[in-house]
>>> print(open('protein04.pdb').read())   # PDB, C-alpha atoms, pLDDT in the B column
MODEL        1
ATOM      1  CA  MET A   1     -62.494 -45.114  14.494  1.00 46.00           C
ATOM      2  CA  ALA A   2     -59.142 -45.981  12.925  1.00 52.00           C
ATOM      3  CA  SER A   3     -56.481 -47.766  14.919  1.00 55.00           C
ATOM      4  CA  THR A   4     -53.616 -45.533  16.038  1.00 56.00           C
ATOM      5  CA  THR A   5     -51.321 -48.328  17.257  1.00 58.00           C
ATOM      6  CA  SER A   6     -48.921 -47.823  14.347  1.00 60.00           C
ATOM      7  CA  GLN A   7     -48.691 -44.122  15.204  1.00 86.00           C
ATOM      8  CA  THR A   8     -47.871 -44.663  18.881  1.00 95.00           C
ATOM      9  CA  LEU A   9     -44.564 -43.213  20.018  1.00 97.00           C
ATOM     10  CA  LEU A  10     -42.351 -45.005  22.531  1.00 98.00           C
ATOM     11  CA  ARG A  11     -39.779 -43.471  24.846  1.00 98.00           C
ATOM     12  CA  LEU A  12     -36.394 -45.174  25.242  1.00 98.00           C
ATOM     13  CA  ARG A  13     -37.375 -46.937  28.480  1.00 98.00           C
ATOM     14  CA  ASP A  14     -40.382 -48.467  26.667  1.00 98.00           C
ATOM     15  CA  VAL A  15     -38.254 -49.556  23.711  1.00 98.00           C
ATOM     16  CA  LEU A  16     -35.705 -51.203  26.011  1.00 98.00           C
ATOM     17  CA  GLN A  17     -38.487 -53.186  27.705  1.00 98.00           C
ATOM     18  CA  ARG A  18     -39.363 -54.668  24.315  1.00 97.00           C
ATOM     19  CA  VAL A  19     -35.818 -55.032  22.931  1.00 96.00           C
ATOM     20  CA  PRO A  20     -33.555 -56.444  25.673  1.00 94.00           C
ATOM     21  CA  VAL A  21     -30.312 -54.566  25.026  1.00 97.00           C
ATOM     22  CA  SER A  22     -28.448 -51.946  27.034  1.00 98.00           C
ATOM     23  CA  ARG A  23     -28.855 -48.220  26.428  1.00 98.00           C
ATOM     24  CA  ALA A  24     -25.330 -48.056  24.994  1.00 98.00           C
ATOM     25  CA  THR A  25     -26.003 -50.959  22.613  1.00 98.00           C
ATOM     26  CA  TRP A  26     -29.287 -49.365  21.538  1.00 98.00           C
ATOM     27  CA  TRP A  27     -27.694 -45.993  20.736  1.00 98.00           C
ATOM     28  CA  ALA A  28     -24.807 -47.692  18.885  1.00 98.00           C
ATOM     29  CA  GLY A  29     -27.379 -49.610  16.820  1.00 98.00           C
ATOM     30  CA  VAL A  30     -29.299 -46.424  16.027  1.00 98.00           C
ATOM     31  CA  LYS A  31     -26.080 -44.693  14.982  1.00 98.00           C
ATOM     32  CA  SER A  32     -25.018 -47.606  12.756  1.00 98.00           C
ATOM     33  CA  GLY A  33     -28.477 -47.996  11.191  1.00 97.00           C
ATOM     34  CA  LYS A  34     -29.137 -51.444  12.687  1.00 96.00           C
ATOM     35  CA  PHE A  35     -31.987 -50.028  14.810  1.00 98.00           C
ATOM     36  CA  PRO A  36     -34.661 -47.515  13.712  1.00 98.00           C
ATOM     37  CA  ALA A  37     -33.981 -43.794  13.733  1.00 97.00           C
ATOM     38  CA  SER A  38     -35.529 -41.731  16.489  1.00 97.00           C
ATOM     39  CA  VAL A  39     -38.128 -38.973  16.285  1.00 97.00           C
ATOM     40  CA  LYS A  40     -37.148 -35.783  18.123  1.00 97.00           C
ATOM     41  CA  LEU A  41     -40.133 -34.092  19.750  1.00 95.00           C
ATOM     42  CA  GLY A  42     -38.063 -31.468  21.511  1.00 96.00           C
ATOM     43  CA  PRO A  43     -34.531 -30.776  22.716  1.00 96.00           C
ATOM     44  CA  ARG A  44     -34.804 -33.410  25.470  1.00 95.00           C
ATOM     45  CA  THR A  45     -37.529 -35.688  24.126  1.00 97.00           C
ATOM     46  CA  THR A  46     -36.683 -38.581  21.836  1.00 97.00           C
ATOM     47  CA  CYS A  47     -39.146 -41.267  20.752  1.00 98.00           C
ATOM     48  CA  TRP A  48     -39.477 -44.142  18.306  1.00 98.00           C
ATOM     49  CA  ARG A  49     -42.501 -45.178  16.268  1.00 98.00           C
ATOM     50  CA  SER A  50     -44.125 -48.308  17.667  1.00 97.00           C
ATOM     51  CA  ALA A  51     -44.517 -49.706  14.143  1.00 97.00           C
ATOM     52  CA  ASP A  52     -40.751 -49.365  13.564  1.00 97.00           C
ATOM     53  CA  ILE A  53     -40.009 -51.236  16.799  1.00 98.00           C
ATOM     54  CA  ASP A  54     -42.527 -53.976  15.921  1.00 97.00           C
ATOM     55  CA  LYS A  55     -40.857 -54.362  12.522  1.00 97.00           C
ATOM     56  CA  LEU A  56     -37.406 -54.541  14.156  1.00 97.00           C
ATOM     57  CA  ILE A  57     -38.572 -57.270  16.546  1.00 96.00           C
ATOM     58  CA  ALA A  58     -40.095 -59.261  13.674  1.00 96.00           C
ATOM     59  CA  ASN A  59     -36.876 -58.945  11.651  1.00 94.00           C
ATOM     60  CA  LEU A  60     -34.706 -59.978  14.600  1.00 89.00           C
ATOM     61  CA  ALA A  61     -36.977 -62.970  15.268  1.00 88.00           C
ATOM     62  CA  SER A  62     -36.873 -64.111  11.637  1.00 87.00           C
ATOM     63  CA  ASP A  63     -33.079 -63.682  11.494  1.00 80.00           C
ATOM     64  CA  SER A  64     -32.648 -65.970  14.507  1.00 72.00           C
ATOM     65  CA  LYS A  65     -34.475 -68.887  12.827  1.00 68.00           C
TER      66      LYS A  65
ENDMDL
END
>>> encode(input="protein04.pdb", output="structure tokens")
Amino acid sequence: MASTTSQTLLRLRDVLQRVPVSRATWWAGVKSGKFPASVKLGPRTTCWRSADIDKLIANLASDSK
């Protein structure tokens, strides 16, 4: 069976546990393009791809070196 980790969707609370910024900072980063774009599943449901968040964390870690 193929791994579905890269296709996992994360809600905002899950993203903010992995990327320690405030909600306001996160949304400003999404708007400016610094953080990955969201995936709308419905009018009140917004998610992010786990693979996009993993890539963001890797990029932020490499930028801090």
>>> residues_near_point(input="protein04.pdb", point="(-34.8, -54.7, 21.3)", cutoff="12 Å", atoms="only C-alpha atoms", output="PyMOL selection string")
chain A and resi 12-23+25-27+29-30+34-36+48+50+52-61
>>> write_last_selection(input="protein04.pdb", atoms="C-alpha atoms", output="PDB file, in the frame of the given file")
ATOM      1  CA  LEU A  12     -36.394 -45.174  25.242  1.00 98.00           C
ATOM      2  CA  ARG A  13     -37.375 -46.937  28.480  1.00 98.00           C
ATOM      3  CA  ASP A  14     -40.382 -48.467  26.667  1.00 98.00           C
ATOM      4  CA  VAL A  15     -38.254 -49.556  23.711  1.00 98.00           C
ATOM      5  CA  LEU A  16     -35.705 -51.203  26.011  1.00 98.00           C
ATOM      6  CA  GLN A  17     -38.487 -53.186  27.705  1.00 98.00           C
ATOM      7  CA  ARG A  18     -39.363 -54.668  24.315  1.00 97.00           C
ATOM      8  CA  VAL A  19     -35.818 -55.032  22.931  1.00 96.00           C
ATOM      9  CA  PRO A  20     -33.555 -56.444  25.673  1.00 94.00           C
ATOM     10  CA  VAL A  21     -30.312 -54.566  25.026  1.00 97.00           C
ATOM     11  CA  SER A  22     -28.448 -51.946  27.034  1.00 98.00           C
ATOM     12  CA  ARG A  23     -28.855 -48.220  26.428  1.00 98.00           C
ATOM     13  CA  THR A  25     -26.003 -50.959  22.613  1.00 98.00           C
ATOM     14  CA  TRP A  26     -29.287 -49.365  21.538  1.00 98.00           C
ATOM     15  CA  TRP A  27     -27.694 -45.993  20.736  1.00 98.00           C
ATOM     16  CA  GLY A  29     -27.379 -49.610  16.820  1.00 98.00           C
ATOM     17  CA  VAL A  30     -29.299 -46.424  16.027  1.00 98.00           C
ATOM     18  CA  LYS A  34     -29.137 -51.444  12.687  1.00 96.00           C
ATOM     19  CA  PHE A  35     -31.987 -50.028  14.810  1.00 98.00           C
ATOM     20  CA  PRO A  36     -34.661 -47.515  13.712  1.00 98.00           C
ATOM     21  CA  TRP A  48     -39.477 -44.142  18.306  1.00 98.00           C
ATOM     22  CA  SER A  50     -44.125 -48.308  17.667  1.00 97.00           C
ATOM     23  CA  ASP A  52     -40.751 -49.365  13.564  1.00 97.00           C
ATOM     24  CA  ILE A  53     -40.009 -51.236  16.799  1.00 98.00           C
ATOM     25  CA  ASP A  54     -42.527 -53.976  15.921  1.00 97.00           C
ATOM     26  CA  LYS A  55     -40.857 -54.362  12.522  1.00 97.00           C
ATOM     27  CA  LEU A  56     -37.406 -54.541  14.156  1.00 97.00           C
ATOM     28  CA  ILE A  57     -38.572 -57.270  16.546  1.00 96.00           C
ATOM     29  CA  ALA A  58     -40.095 -59.261  13.674  1.00 96.00           C
ATOM     30  CA  ASN A  59     -36.876 -58.945  11.651  1.00 94.00           C
ATOM     31  CA  LEU A  60     -34.706 -59.978  14.600  1.00 89.00           C
ATOM     32  CA  ALA A  61     -36.977 -62.970  15.268  1.00 88.00           C
TER      33      ALA A  61
END
>>> residues_around(input="protein04.pdb", residues="Val39 in chain A", least_positions_apart="4", cutoff="9 Å", atoms="all atoms listed in the file", output="list in words")
Leu9, Thr45, Thr46, Cys47, Trp48 and Arg49 of chain A
>>> atom_distance(input="protein04.pdb", atom1="CA of Asp63 in chain A", atom2="CA of Lys40 in chain A")
29.0 Å
>>> axis_aligned_box(input="protein04.pdb", around="range 40-53 of chain A", padding_each_side="4 Å", output="lines of an AutoDock Vina configuration file")
center_x = -39.5
center_y = -41.0
center_z = 19.5
size_x = 18.0
size_y = 28.5
size_z = 19.9
